[in-house]
Each structure stands twice: as C-alpha cells, then as structure tokens.
file coords_15.cif (mmCIF, C-alpha atoms and all ligand atoms)
data_data
loop_
_atom_site.label_atom_id
_atom_site.label_comp_id
_atom_site.auth_asym_id
_atom_site.auth_seq_id
_atom_site.Cartn_x
_atom_site.Cartn_y
_atom_site.Cartn_z
CA MET L 1 -1.55 25.62 9.95
CA LYS L 2 0.89 28.27 11.23
CA GLN L 3 4.12 28.67 9.28
CA THR L 4 7.19 30.34 10.68
CA GLN L 5 10.04 32.01 8.87
CA ILE L 6 13.61 32.32 10.12
CA SER L 7 16.59 33.51 8.19
CA LEU L 8 20.33 33.33 7.77
CA ASP L 9 22.35 36.54 7.46
CA LYS L 10 23.08 35.60 3.86
CA THR L 11 21.07 33.37 1.57
CA ALA L 12 22.62 29.93 1.47
CA GLY L 13 24.01 29.01 -1.92
CA ALA L 14 24.41 25.66 -3.62
CA VAL L 15 27.36 23.54 -2.55
CA ARG L 16 29.61 22.25 -5.33
CA PHE L 17 32.19 19.48 -5.12
CA GLY L 18 33.61 17.49 -8.00
CA ASN L 19 30.85 17.29 -10.60
CA ILE L 20 28.16 17.36 -7.92
CA THR L 21 25.92 20.27 -6.95
CA LEU L 22 23.91 20.19 -3.73
CA ALA L 23 20.88 22.45 -3.46
CA PRO L 24 20.74 24.51 -0.23
CA GLY L 25 19.50 22.17 2.48
CA ALA L 26 20.62 19.32 4.68
CA SER L 27 22.23 16.03 3.80
CA LEU L 28 21.49 12.70 5.46
CA ALA L 29 24.48 11.69 7.60
CA PRO L 30 25.48 8.03 7.36
CA MET L 31 24.18 5.83 10.18
CA ALA L 32 25.02 2.13 10.35
CA GLY L 33 21.82 0.17 10.91
CA ALA L 34 19.60 3.08 9.85
CA THR L 35 20.47 4.76 6.55
CA ASP L 36 19.60 1.78 4.39
CA THR L 37 18.08 2.06 0.92
CA SER L 38 14.57 2.68 2.21
CA MET L 39 15.60 5.51 4.54
CA ARG L 40 17.84 7.10 1.92
CA ARG L 41 15.03 7.04 -0.64
CA LEU L 42 12.55 8.49 1.82
CA CYS L 43 14.86 11.26 2.99
CA ALA L 44 15.81 12.18 -0.57
CA ARG L 45 12.13 12.41 -1.46
CA PHE L 46 11.57 14.73 1.49
CA GLY L 47 14.42 17.00 0.42
CA ALA L 48 17.74 15.61 1.67
CA ASN L 49 20.25 17.11 -0.76
CA MET L 50 22.67 14.17 -0.45
CA THR L 51 22.67 10.72 1.14
CA VAL L 52 25.45 8.38 2.23
CA SER L 53 25.42 4.62 2.73
CA GLU L 54 25.99 2.86 6.00
CA MET L 55 29.73 2.35 6.49
CA VAL L 56 31.19 -0.49 4.46
CA SER L 57 34.42 -2.33 5.31
CA ALA L 58 36.99 -1.85 2.54
CA LYS L 59 38.67 -5.07 3.63
CA ALA L 60 35.43 -7.06 3.46
CA LEU L 61 34.73 -5.65 0.00
CA THR L 62 38.12 -6.61 -1.34
CA LEU L 63 37.76 -10.12 0.13
CA GLY L 64 34.51 -10.61 -1.78
CA ASP L 65 32.15 -10.48 1.22
CA LYS L 66 28.60 -11.08 -0.01
CA LYS L 67 26.79 -8.87 2.53
CA SER L 68 28.73 -5.63 1.94
CA PRO L 69 27.26 -4.95 -1.52
CA LEU L 70 23.79 -5.05 0.08
CA LEU L 71 24.75 -2.04 2.22
CA MET L 72 25.61 -0.10 -0.93
CA ALA L 73 22.77 -1.19 -3.19
CA GLY L 74 19.74 0.88 -4.05
CA GLY L 75 21.34 4.25 -4.65
CA GLY L 76 20.43 7.50 -2.97
CA GLY L 77 16.84 7.92 -4.04
CA GLY L 78 17.60 10.62 -6.59
CA ALA L 79 19.90 12.75 -4.43
CA PRO L 80 23.69 12.54 -4.92
CA PHE L 81 24.71 9.33 -3.15
CA GLY L 82 28.00 8.41 -1.51
CA ILE L 83 29.33 5.04 -0.47
CA GLN L 84 31.21 5.27 2.79
CA LEU L 85 34.30 3.09 3.24
CA PHE L 86 36.18 2.42 6.44
CA GLY L 87 39.58 0.89 6.88
CA HIS L 88 43.08 1.63 8.14
CA GLU L 89 45.26 0.37 5.27
CA PRO L 90 45.79 2.83 2.38
CA ASP L 91 46.29 0.03 -0.17
CA VAL L 92 43.13 -1.84 0.87
CA MET L 93 41.09 1.37 0.88
CA ALA L 94 42.50 2.17 -2.56
CA GLU L 95 41.65 -1.26 -3.90
CA ALA L 96 38.07 -1.00 -2.65
CA ALA L 97 37.77 2.48 -4.17
CA ALA L 98 39.19 1.30 -7.49
CA ARG L 99 36.78 -1.62 -7.64
CA LEU L 100 33.87 0.67 -6.82
CA ALA L 101 34.94 3.26 -9.38
CA GLY L 102 35.44 0.48 -11.93
CA GLY L 103 31.81 -0.57 -11.54
CA GLU L 104 32.63 -4.00 -10.14
CA TYR L 105 29.71 -4.04 -7.70
CA ARG L 106 27.19 -2.71 -10.19
CA VAL L 107 25.81 -0.22 -7.68
CA PRO L 108 24.93 3.33 -8.67
CA PHE L 109 26.76 5.99 -6.65
CA ASP L 110 28.16 9.48 -7.14
CA PHE L 111 31.06 9.77 -4.71
CA ILE L 112 33.13 7.85 -2.17
CA ASP L 113 33.17 8.95 1.47
CA ILE L 114 35.94 7.96 3.90
CA ASN L 115 34.97 7.28 7.51
CA MET L 116 37.28 9.12 9.94
CA GLY L 117 34.74 9.44 12.71
CA CYS L 118 33.45 6.09 13.91
CA PRO L 119 34.23 5.73 17.64
CA ALA L 120 33.45 2.00 18.00
CA PRO L 121 36.39 0.06 19.46
CA LYS L 122 36.12 -2.68 16.83
CA ILE L 123 36.73 -0.01 14.17
CA THR L 124 39.27 2.17 16.02
CA GLY L 125 41.18 -0.84 17.43
CA PRO L 126 42.93 -1.65 14.13
CA GLY L 127 43.34 2.10 13.42
CA ALA L 128 40.29 2.98 11.28
CA GLY L 129 37.42 5.45 11.85
CA SER L 130 38.18 8.13 14.43
CA ALA L 131 41.54 6.48 15.27
CA LEU L 132 42.80 8.22 12.11
CA LEU L 133 42.52 11.51 14.02
CA ARG L 134 45.40 10.25 16.19
CA ASP L 135 47.44 9.53 13.08
CA PRO L 136 47.05 12.47 10.65
CA LYS L 137 49.80 11.13 8.37
CA ARG L 138 47.93 7.85 7.90
CA ALA L 139 44.68 9.77 7.38
CA GLU L 140 46.38 11.70 4.57
CA ASP L 141 47.88 8.54 3.07
CA ILE L 142 44.45 6.93 2.99
CA ALA L 143 42.82 10.02 1.50
CA ARG L 144 45.52 10.28 -1.18
CA ALA L 145 45.35 6.57 -2.06
CA VAL L 146 41.56 6.63 -2.31
CA CYS L 147 41.54 9.84 -4.40
CA ARG L 148 44.06 8.34 -6.81
CA ALA L 149 42.17 5.07 -7.10
CA ALA L 150 38.79 6.76 -7.47
CA GLY L 151 39.91 8.68 -10.59
CA VAL L 152 37.17 11.09 -11.61
CA VAL L 153 34.84 9.99 -8.80
CA PRO L 154 34.83 12.69 -6.08
CA VAL L 155 36.07 11.65 -2.64
CA THR L 156 34.75 13.13 0.61
CA VAL L 157 35.69 12.59 4.26
CA LYS L 158 33.57 12.50 7.40
CA LEU L 159 35.58 13.29 10.51
CA ARG L 160 35.27 14.42 14.10
CA ILE L 161 37.00 17.43 15.66
CA GLY L 162 39.64 15.23 17.26
CA TRP L 163 40.34 12.13 19.30
CA ASP L 164 39.93 13.83 22.69
CA GLU L 165 40.20 17.33 24.16
CA ASP L 166 44.01 17.08 24.11
CA THR L 167 44.10 15.83 20.53
CA LEU L 168 42.02 18.30 18.53
CA THR L 169 43.52 17.30 15.22
CA GLY L 170 40.43 17.93 13.08
CA ALA L 171 41.86 20.99 11.31
CA GLU L 172 45.19 19.29 10.61
CA VAL L 173 43.52 16.17 9.25
CA ALA L 174 41.13 18.31 7.19
CA LYS L 175 44.04 20.23 5.61
CA ARG L 176 45.90 17.02 4.84
CA CYS L 177 42.78 15.52 3.27
CA GLU L 178 42.28 18.63 1.15
CA ALA L 179 45.91 18.46 -0.01
CA ALA L 180 45.33 14.80 -0.92
CA GLY L 181 42.44 15.73 -3.22
CA VAL L 182 39.36 15.35 -1.02
CA ALA L 183 36.50 17.48 -2.36
CA LEU L 184 34.22 17.97 0.66
CA LEU L 185 34.33 17.40 4.42
CA THR L 186 31.58 16.66 6.91
CA VAL L 187 32.54 17.47 10.49
CA HIS L 188 30.79 15.94 13.48
CA GLY L 189 31.47 18.48 16.23
CA ARG L 190 32.59 16.06 18.92
CA THR L 191 35.75 14.23 19.82
CA ARG L 192 35.94 10.47 19.71
CA ARG L 193 35.97 10.42 23.51
CA GLU L 194 32.65 12.29 23.61
CA GLN L 195 30.99 9.68 21.38
CA TYR L 196 27.46 11.18 20.98
CA GLU L 197 27.14 13.49 24.00
CA PRO L 198 27.30 16.02 25.62
CA GLY L 199 26.66 18.83 23.15
CA ILE L 200 28.78 19.61 20.11
CA HIS L 201 31.54 22.23 19.80
CA PRO L 202 30.57 24.63 16.97
CA ASP L 203 33.75 26.67 17.49
CA GLU L 204 35.90 23.65 16.69
CA ILE L 205 33.87 22.99 13.54
CA ALA L 206 34.40 26.67 12.64
CA LYS L 207 38.18 26.25 12.99
CA ILE L 208 38.12 23.32 10.60
CA LYS L 209 35.96 25.23 8.12
CA ALA L 210 38.41 28.18 8.28
CA ALA L 211 41.39 25.89 7.69
CA VAL L 212 40.29 24.59 4.28
CA SER L 213 38.89 25.86 0.98
CA VAL L 214 36.73 22.85 0.11
CA PRO L 215 33.06 22.91 1.22
CA VAL L 216 32.42 21.80 4.79
CA LEU L 217 29.15 20.44 6.20
CA ALA L 218 28.57 20.87 9.92
CA ASN L 219 27.08 17.95 11.81
CA GLY L 220 25.71 17.21 15.25
CA ASP L 221 22.44 17.55 17.16
CA VAL L 222 20.41 19.28 14.45
CA THR L 223 16.75 18.47 15.13
CA GLY L 224 15.03 21.53 13.67
CA ALA L 225 15.34 24.28 11.07
CA GLU L 226 16.29 26.86 13.64
CA GLY L 227 19.07 24.67 15.02
CA ALA L 228 20.38 24.13 11.50
CA LEU L 229 20.59 27.87 10.83
CA GLU L 230 22.20 28.47 14.20
CA LEU L 231 24.87 25.85 13.43
CA LEU L 232 25.52 27.45 10.02
CA ARG L 233 25.85 30.87 11.61
CA ARG L 234 28.20 29.69 14.32
CA THR L 235 30.45 27.61 12.08
CA GLY L 236 30.36 29.48 8.76
CA CYS L 237 29.90 26.08 7.11
CA ASP L 238 28.39 25.54 3.68
CA GLY L 239 25.65 23.18 4.80
CA VAL L 240 24.56 20.78 7.50
CA ALA L 241 24.33 17.00 7.75
CA VAL L 242 21.59 15.45 9.86
CA GLY L 243 21.69 12.02 11.45
CA ARG L 244 19.47 11.16 14.42
CA GLY L 245 17.24 14.18 13.86
CA ALA L 246 16.03 12.58 10.64
CA MET L 247 15.06 9.32 12.33
CA GLY L 248 11.27 9.19 12.22
CA ASN L 249 11.29 12.77 10.91
CA PRO L 250 12.10 13.03 7.19
CA TRP L 251 10.06 16.26 7.13
CA LEU L 252 13.08 17.95 8.72
CA PHE L 253 14.84 18.14 5.34
CA ALA L 254 12.17 20.30 3.70
CA GLN L 255 12.01 22.47 6.83
CA ILE L 256 15.78 23.07 6.81
CA ALA L 257 15.87 23.67 3.05
CA ALA L 258 13.08 26.25 3.32
CA ALA L 259 14.82 28.00 6.22
CA MET L 260 18.09 28.13 4.28
CA ARG L 261 16.33 29.65 1.30
CA GLY L 262 14.69 32.21 3.57
CA GLU L 263 11.23 30.81 2.83
CA PRO L 264 8.42 29.96 5.27
CA ILE L 265 9.04 26.67 7.04
CA PRO L 266 6.51 23.97 6.10
CA ALA L 267 4.19 22.93 8.91
CA PRO L 268 4.99 19.69 10.75
CA PRO L 269 3.09 16.59 9.58
CA THR L 270 -0.31 15.67 10.92
CA LEU L 271 -0.63 12.41 12.80
CA ALA L 272 -2.16 10.76 9.72
CA GLU L 273 0.76 11.92 7.56
CA ARG L 274 3.25 10.72 10.12
CA PHE L 275 1.77 7.23 10.23
CA SER L 276 1.29 7.06 6.49
CA VAL L 277 5.01 7.70 5.97
CA LEU L 278 5.88 5.27 8.77
CA ARG L 279 3.86 2.54 7.00
CA GLU L 280 5.54 3.38 3.70
CA HIS L 281 9.00 3.31 5.28
CA ILE L 282 8.52 -0.09 6.96
CA ARG L 283 6.80 -1.54 3.86
CA ALA L 284 9.82 -0.55 1.78
CA MET L 285 12.16 -2.17 4.31
CA CYS L 286 10.12 -5.40 4.12
CA ASP L 287 10.25 -5.31 0.32
CA ASP L 288 14.02 -4.74 0.35
CA LYS L 289 15.10 -7.17 3.07
CA GLY L 290 12.23 -9.56 3.65
CA GLU L 291 9.72 -9.21 6.49
CA ARG L 292 11.64 -11.18 9.16
CA VAL L 293 14.87 -9.18 8.96
CA ALA L 294 13.10 -5.89 8.21
CA MET L 295 10.71 -6.06 11.16
CA CYS L 296 13.59 -6.47 13.62
CA GLU L 297 15.22 -3.32 12.24
CA ALA L 298 11.86 -1.57 11.88
CA ARG L 299 11.33 -1.57 15.66
CA THR L 300 13.86 1.23 16.14
CA HIS L 301 12.54 3.25 13.20
CA ALA L 302 8.91 2.92 14.33
CA ALA L 303 9.86 4.00 17.85
CA TRP L 304 11.42 7.19 16.43
CA TYR L 305 8.19 8.01 14.60
CA MET L 306 6.44 7.87 18.01
CA ARG L 307 8.74 10.54 19.45
CA GLY L 308 6.90 13.37 21.16
CA LEU L 309 3.52 11.59 21.11
CA ARG L 310 1.34 11.05 24.14
CA GLY L 311 2.05 7.55 25.50
CA ALA L 312 5.45 7.50 23.77
CA ALA L 313 7.04 5.15 26.32
CA SER L 314 4.28 2.52 25.94
CA LEU L 315 4.29 3.02 22.18
CA ARG L 316 8.04 2.43 22.08
CA ARG L 317 7.54 -0.82 23.98
CA ALA L 318 4.83 -1.85 21.52
CA CYS L 319 7.20 -1.07 18.63
CA CYS L 320 9.85 -3.30 20.18
CA ALA L 321 7.42 -6.24 20.23
CA MET L 322 6.61 -6.08 16.49
CA THR L 323 7.46 -9.18 14.45
CA THR L 324 5.24 -8.79 11.36
CA PHE L 325 4.22 -5.89 9.15
CA LEU L 326 0.63 -6.32 10.37
CA ASP L 327 1.79 -5.68 13.96
CA LEU L 328 2.53 -2.13 12.85
CA GLU L 329 -1.22 -1.51 12.44
CA ASP L 330 -1.79 -2.47 16.10
CA VAL L 331 0.90 -0.02 17.18
CA ILE L 332 -0.63 2.73 15.05
CA ALA L 333 -4.10 1.99 16.46
CA LEU L 334 -2.67 2.20 19.97
CA ALA L 335 -1.00 5.50 19.12
CA TYR L 336 -4.33 6.94 17.92
CA GLU L 337 -5.96 5.74 21.16
CA TYR L 338 -3.38 7.60 23.23
CA GLN L 339 -3.72 10.77 21.16
CA ALA L 340 -7.53 10.71 21.55
CA HIS L 341 -6.95 11.67 25.18
CA GLN L 342 -4.87 14.66 24.18
CA PRO L 343 -6.22 18.18 24.69
CA SER L 344 -7.80 19.39 21.43
CA ASP L 345 -5.38 22.32 20.92
CA SER L 346 -2.46 19.90 20.50
CA SER L 347 -4.20 17.24 18.45
CA SER L 348 -2.00 17.75 15.42
CA SER L 349 1.37 16.13 15.72
CA VAL L 350 4.38 18.29 16.34
CA ILE L 351 7.79 16.77 16.07
CA GLU L 352 10.37 18.53 18.16
C1 LIG H 1 23.21 4.61 15.08
C2 LIG H 1 24.28 5.46 14.46
C3 LIG H 1 25.08 4.93 13.46
C4 LIG H 1 26.08 5.72 12.88
N1 LIG H 1 26.83 5.20 11.86
C5 LIG H 1 27.73 5.98 11.22
C6 LIG H 1 28.44 5.51 10.09
O1 LIG H 1 28.24 4.38 9.61
N2 LIG H 1 29.35 6.34 9.50
C7 LIG H 1 29.58 7.62 9.98
O2 LIG H 1 30.41 8.34 9.43
N3 LIG H 1 28.91 8.09 11.05
C8 LIG H 1 27.99 7.31 11.66
N4 LIG H 1 27.27 7.82 12.71
C9 LIG H 1 27.46 9.23 13.12
C10 LIG H 1 26.44 10.15 12.44
O3 LIG H 1 26.64 10.19 11.05
C11 LIG H 1 26.54 11.58 13.00
O4 LIG H 1 27.84 12.06 12.76
C12 LIG H 1 26.27 11.67 14.50
O5 LIG H 1 25.16 10.88 14.87
C13 LIG H 1 26.03 13.12 14.94
O6 LIG H 1 25.01 13.70 14.16
P1 LIG H 1 23.46 13.76 14.65
O7 LIG H 1 23.46 14.45 15.99
O8 LIG H 1 22.77 14.56 13.59
O9 LIG H 1 22.98 12.36 14.77
C14 LIG H 1 26.29 7.05 13.32
C15 LIG H 1 25.47 7.56 14.34
C16 LIG H 1 24.48 6.79 14.90
C17 LIG H 1 23.62 7.40 15.99
#
call {"tool": "encode", "arguments": {"input": "coords_15.cif", "output": "structure tokens", "more": "lines below"}}
Ligand SMILES: Cc1cc2nc3c(=O)[nH]c(=O)nc-3n(C[C@H](O)[C@H](O)[C@H](O)COP(=O)(O)O)c2cc1C
result
Amino acid sequence: MKQTQISLDKTAGAVRFGNITLAPGASLAPMAGATDTSMRRLCARFGANMTVSEMVSAKALTLGDKKSPLLMAGGGGGAPFGIQLFGHEPDVMAEAAARLAGGEYRVPFDFIDINMGCPAPKITGPGAGSALLRDPKRAEDIARAVCRAAGVVPVTVKLRIGWDEDTLTGAEVAKRCEAAGVALLTVHGRTRREQYEPGIHPDEIAKIKAAVSVPVLANGDVTGAEGALELLRRTGCDGVAVGRGAMGNPWLFAQIAAAMRGEPIPAPPTLAERFSVLREHIRAMCDDKGERVAMCEARTHAAWYMRGLRGAASLRRACCAMTTFLDLEDVIALAYEYQAHQPSDSSSSVIE
C-alpha cells in the first residue's frame, strides 16, 4: 500500500514536563463520555504519547462520590496518564489534588490536569471550566492551590483561547498558570462562545505559546498527519492533542508520530483491521463496564468507526440500535455488504 511522507521544517523533539517525557507524536485529548479506560488503552497502544481521563468533579471527589473514581481507574494504557479535575473553588480543587497525590483513590496516574475549557453551562455556571477564562485571578488561584497540594506530581492545564472574541484571555491565563507552577498547557484554539465550530484560530494558539516557556500542545480539528504538522507549523507548539479525530481512528496517532519524526506515514487500516479493532474496543468496554452500560456507550464509538464507509448513514443507524455485543457482528456484516458494492479501486478502507 502507498505510503506518503510529509515533513516539518525541524524534526520534532520530545516534550518534557515535570518528570515526564513525551515522545514526538500526539496526545489523546480528554473527552467526557469517550476517553474511558478502554479508549485510553487502545490509543496508547496505537501511539498516543499521553492520555487524560474524562473530567472529574473535584467537589464530587471530596464528598466521597462513588462513581468519580471509576472515571479515573484503569490508567493510561502505558502512556503518561493525567486525571483531569474541574471545579471553581481553589480549596476544593486543592483538596481533591492532595487526596489524589496521597494515593487515596488507589488509581495509577502521572499528572493532574485542570479543566479550564469546558463550555457546558452546568460547568461554567458556578465558575468552573471555561468560565475561568473570564476570571484570570481565580484561574491562577486554582492553579497555585492545585500545584501546592499536588507536591511532586506535575500539574497541567487545558484551556481555550478565551471566553469570546472580546475576551481573549488565553495568554494571560496561561502566564498566570505558568507562574503558579503549571508544567504544560494544552490549548483548544476556540473561544467558549465558539464551542466546537467553526474552525480554530491557530494564530491565537501561537500567541499563547509565545507568552510562556512551558511546553504547549495545540488542539482542535486535527484529523490527519498533514493537519497535525500544519497546526505545529502555524502555532510553533511543542505537540498536538487530538480529540474527535481519534474517535474510531486510533491509527491517527502512529500516522502523526511518523510525520513528526519525518518518517513515511503508515498506510490506513484495511476494512478487516478496522473492524477487528472495533470489536476489541467494544469488547473491552463490555469487560470494564458490563454489557448493558457499555453497549449504550458503544453506539457512538461504533458509529465513528463507520465514518467514510459506503452506507455510513444506514450503518450509523444500525449502530444506534445495538443493545448486545453480538449485535455488533450484524452491524459489521452489514458494513461488509455495503462495501461489496464499492468500486474495486477503493475497496480498502481509507479514513479521512
Ligand atoms: C464529546 C466531547 C467531550 C469532551 N470532554 C472534555 C473534557 O472532559 N475535558 C476537556 O478538557 N475537554 C473536553 N472536550 C474537548 C476536547 O478535549 C477538545 O479540546 C475539543 O474537542 C477540540 O479538539 P478536537 O477537534 O481534536 O476534538 C470534549 C470534547 C468532546 C467532543
């Protein structure tokens, strides 16, 4: 199969923060409802150089909530793994960080990430997530309190470029976080108002990168190796973080890593490989969460694996009707049926 090679102006180096070293490549951005243990493990195996948990409420943790530890369990699949906390009260965030760092939840992790990007009203309403971009002083207080409480555990922050186009506070918040002791930043190149579209603003990410000395990962809309290199070029960042692009496409990590090393990009998976990994992914979810819960969540994942295939709309509908692990085989059989009608020159699967 044809391999392509694209290159950066300079060879990408390893990214170091705290006691952690990330090989050149892409990290898995945190996604509530998606980056559970099974997805983290899978992405790490396919070359993600770092993974982060779904966001966890610091308040819920400190109140002894039983479900929160499940979001953090299972580690990062061998790649450096961060637990992401959200909250608006420095003392509560600090208490959660101290308990984590003290080993209270008995979960393996390598660093603590602070959420300063979530746009959901239930998070921003009390002042957490991206609402911290409207209150840089509070963002700094939280970062400082968490860094102090975490001790030797590195602390990172994931932020957006600002609250809206009139409040582009990303660089200010980034500088304050750096002064507070934060070791790495991941910047989603949109404001809170923009949520997840339209496109990102690489120039604003570049301003944030230029404002600090700690490593910065650029994030937003990366779906291929070329796009990753383009984002690195335009922002000067040290690496990229990938969210939705990795859904149903863990192969992306090896492709980006190869491109960053200046090596030929591995070919996309065949249809058989794609479905084999899909089966493995959903099986792992069933093992981790039980079939009933897992199969509800698996519908979205399975639909992503169908992206770009002939009959994708019908296949997505079939995914949404799955209730048991066995139903997945019917969906896969249907997918093969659709592809059988494809012209022979495009019979191998290509994920855009
Ligand atoms: C379903 C979903 C859940 C998300 N959950 C989180 C989260 O828990 N914490 C966080 O910092 N960002 C979260 N994000 C934002 C992503 O990490 C990422 O910044 C954003 O999707 C843009 O990157 P992408 O274009 O590569 O997906 C979420 C995004 C999506 C689509």
call {"tool": "residues_around", "arguments": {"input": "coords_15.cif", "residues": "L:Arg279", "least_positions_apart": "6", "cutoff": "12 Å", "atoms": "only C-alpha atoms", "output": "PyMOL selection string"}}
result
chain L and resi 38+42+248+272-273+285-286+295+298+301-302+305+325-332
call {"tool": "residues_near_ligand", "arguments": {"input": "coords_15.cif", "ligand": "ligand LIG 1 (chain H)", "cutoff": "6 Å", "atoms": "all atoms listed in the file", "output": "tab-separated table (two decimals) with C-alpha atoms, in the coordinates of the input"}}
result
chain	number	residue	atom	x	y	z
L	29	ALA	CA	24.48	11.69	7.60
L	30	PRO	CA	25.48	8.03	7.36
L	31	MET	CA	24.18	5.83	10.18
L	32	ALA	CA	25.02	2.13	10.35
L	54	GLU	CA	25.99	2.86	6.00
L	55	MET	CA	29.73	2.35	6.49
L	115	ASN	CA	34.97	7.28	7.51
L	117	GLY	CA	34.74	9.44	12.71
L	118	CYS	CA	33.45	6.09	13.91
L	158	LYS	CA	33.57	12.50	7.40
L	188	HIS	CA	30.79	15.94	13.48
L	219	ASN	CA	27.08	17.95	11.81
L	220	GLY	CA	25.71	17.21	15.25
L	221	ASP	CA	22.44	17.55	17.16
L	222	VAL	CA	20.41	19.28	14.45
L	242	VAL	CA	21.59	15.45	9.86
L	243	GLY	CA	21.69	12.02	11.45
L	244	ARG	CA	19.47	11.16	14.42
L	245	GLY	CA	17.24	14.18	13.86
call {"tool": "atom_distance", "arguments": {"input": "coords_15.cif", "atom1": "atom CA of L:Ala254", "atom2": "atom CA of L:Phe46"}}
result
6.0 Å
call {"tool": "residues_around", "arguments": {"input": "coords_15.cif", "residues": "stretch 202-207 of chain L", "least_positions_apart": "2", "cutoff": "6 Å", "atoms": "all atoms listed in the file", "output": "VMD selection string"}}
result
chain L and resid 189 209 to 210 235
call {"tool": "closest_residue", "arguments": {"input": "coords_15.cif", "among": "L:Val277, L:Ala14, L:Cys296, L:Leu231", "to": "L:Pro250", "atoms": "all atoms listed in the file"}}
result
L:Val277
call {"tool": "atom_distance", "arguments": {"input": "coords_15.cif", "atom1": "atom CA of L:Ser130", "atom2": "atom CA of L:Leu159"}}
result
7.0 Å
call {"tool": "closest_residue", "arguments": {"input": "coords_15.cif", "among": "L:Gly127, L:Gly151, L:Pro136, L:Pro69", "to": "L:Thr169", "atoms": "only C-alpha atoms"}}
result
L:Pro136
call {"tool": "atom_distance", "arguments": {"input": "coords_15.cif", "atom1": "atom CA of L:Thr156", "atom2": "atom CA of L:Leu185"}}
result
5.7 Å
call {"tool": "residues_around", "arguments": {"input": "coords_15.cif", "residues": "L:Gly77", "least_positions_apart": "4", "cutoff": "10 Å", "atoms": "only C-alpha atoms", "output": "list in words"}}
result
Thr37, Ser38, Met39, Arg40, Arg41, Leu42, Cys43, Ala44, Arg45, Ala48, Met50, Thr51 and Phe81 of chain L
call {"tool": "closest_residue", "arguments": {"input": "coords_15.cif", "among": "L:Pro108, L:Gly78, L:Gly87, L:Pro264", "to": "L:Val56", "atoms": "all atoms listed in the file"}}
result
L:Gly87
call {"tool": "residues_near_point", "arguments": {"input": "coords_15.cif", "point": "(39.5, 3.5, 8.4)", "cutoff": "9 Å", "atoms": "only C-alpha atoms", "output": "list of chain:residue names"}}
result
L:Ser57, L:Ala58, L:Leu85, L:Phe86, L:Gly87, L:His88, L:Glu89, L:Pro90, L:Met93, L:Ile114, L:Asn115, L:Met116, L:Gly117, L:Cys118, L:Ile123, L:Thr124, L:Pro126, L:Gly127, L:Ala128, L:Gly129, L:Ser130, L:Ala131, L:Leu132, L:Ala139, L:Ile142
call {"tool": "residues_near_point", "arguments": {"input": "coords_15.cif", "point": "(46.9, 21.6, -1.4)", "cutoff": "12 Å", "atoms": "only C-alpha atoms", "output": "ChimeraX atom specification"}}
result
/L:140,144,174-183,211-214
call {"tool": "closest_residue", "arguments": {"input": "coords_15.cif", "among": "L:Tyr338, L:Gly239, L:Ala101, L:Leu133", "to": "L:Ala150", "atoms": "only C-alpha atoms"}}
result
L:Ala101
call {"tool": "closest_residue", "arguments": {"input": "coords_15.cif", "among": "L:Ala241, L:Arg160, L:Asn19, L:Ala26", "to": "L:Ile256", "atoms": "all atoms listed in the file"}}
result
L:Ala26
call {"tool": "closest_residue", "arguments": {"input": "coords_15.cif", "among": "L:Gly125, L:Gly75, L:Gly25, L:Gly64", "to": "L:Gln255", "atoms": "all atoms listed in the file"}}
result
L:Gly25
call {"tool": "residues_around", "arguments": {"input": "coords_15.cif", "residues": "L:Thr62", "least_positions_apart": "2", "cutoff": "8 Å", "atoms": "only C-alpha atoms", "output": "list in words"}}
result
Ala58, Lys59, Ala60, Gly64, Asp65, Val92, Glu95 and Ala96 of chain L
call {"tool": "write_last_selection", "arguments": {"input": "coords_15.cif", "atoms": "C-alpha atoms", "output": "PDB file, keeping the file's coordinate frame"}}
result
ATOM      1  CA  ALA L  58      36.990  -1.850   2.540  1.00  0.00           C
ATOM      2  CA  LYS L  59      38.670  -5.070   3.630  1.00  0.00           C
ATOM      3  CA  ALA L  60      35.430  -7.060   3.460  1.00  0.00           C
ATOM      4  CA  GLY L  64      34.510 -10.610  -1.780  1.00  0.00           C
ATOM      5  CA  ASP L  65      32.150 -10.480   1.220  1.00  0.00           C
ATOM      6  CA  VAL L  92      43.130  -1.840   0.870  1.00  0.00           C
ATOM      7  CA  GLU L  95      41.650  -1.260  -3.900  1.00  0.00           C
ATOM      8  CA  ALA L  96      38.070  -1.000  -2.650  1.00  0.00           C
TER       9      ALA L  96
END
call {"tool": "decode", "arguments": {"input": "coords_15.cif", "residues": "stretch 101-112 of chain L", "atoms": "N, CA and C atoms", "output": "JSON list (two decimals), in the first residue's frame"}}
result
[["chain", "number", "residue", "atom", "x", "y", "z"],
["L", 101, "ALA", "N", -2.93, 12.88, 45.03],
["L", 101, "ALA", "CA", -1.47, 12.75, 45.17],
["L", 101, "ALA", "C", -1.11, 11.85, 46.35],
["L", 102, "GLY", "N", -1.99, 11.83, 47.36],
["L", 102, "GLY", "CA", -1.73, 10.99, 48.53],
["L", 102, "GLY", "C", -2.11, 9.53, 48.31],
["L", 103, "GLY", "N", -2.63, 9.23, 47.14],
["L", 103, "GLY", "CA", -2.93, 7.83, 46.80],
["L", 103, "GLY", "C", -4.26, 7.33, 47.35],
["L", 104, "GLU", "N", -5.11, 8.27, 47.80],
["L", 104, "GLU", "CA", -6.35, 7.85, 48.45],
["L", 104, "GLU", "C", -7.26, 7.01, 47.55],
["L", 105, "TYR", "N", -7.25, 7.28, 46.25],
["L", 105, "TYR", "CA", -8.18, 6.56, 45.37],
["L", 105, "TYR", "C", -7.56, 5.32, 44.74],
["L", 106, "ARG", "N", -6.32, 5.08, 45.08],
["L", 106, "ARG", "CA", -5.63, 3.88, 44.59],
["L", 106, "ARG", "C", -5.72, 3.74, 43.06],
["L", 107, "VAL", "N", -5.60, 4.87, 42.37],
["L", 107, "VAL", "CA", -5.59, 4.80, 40.90],
["L", 107, "VAL", "C", -4.22, 5.25, 40.41],
["L", 108, "PRO", "N", -3.66, 4.52, 39.44],
["L", 108, "PRO", "CA", -2.36, 4.96, 38.92],
["L", 108, "PRO", "C", -2.54, 6.17, 38.02],
["L", 109, "PHE", "N", -1.70, 7.17, 38.19],
["L", 109, "PHE", "CA", -1.72, 8.33, 37.28],
["L", 109, "PHE", "C", -0.36, 9.03, 37.39],
["L", 110, "ASP", "N", -0.08, 9.90, 36.41],
["L", 110, "ASP", "CA", 1.23, 10.54, 36.37],
["L", 110, "ASP", "C", 1.17, 12.04, 36.59],
["L", 111, "PHE", "N", 0.02, 12.65, 36.28],
["L", 111, "PHE", "CA", -0.09, 14.10, 36.48],
["L", 111, "PHE", "C", -1.55, 14.48, 36.66],
["L", 112, "ILE", "N", -1.76, 15.70, 37.12],
["L", 112, "ILE", "CA", -3.13, 16.21, 37.32],
["L", 112, "ILE", "C", -3.35, 17.34, 36.31]]
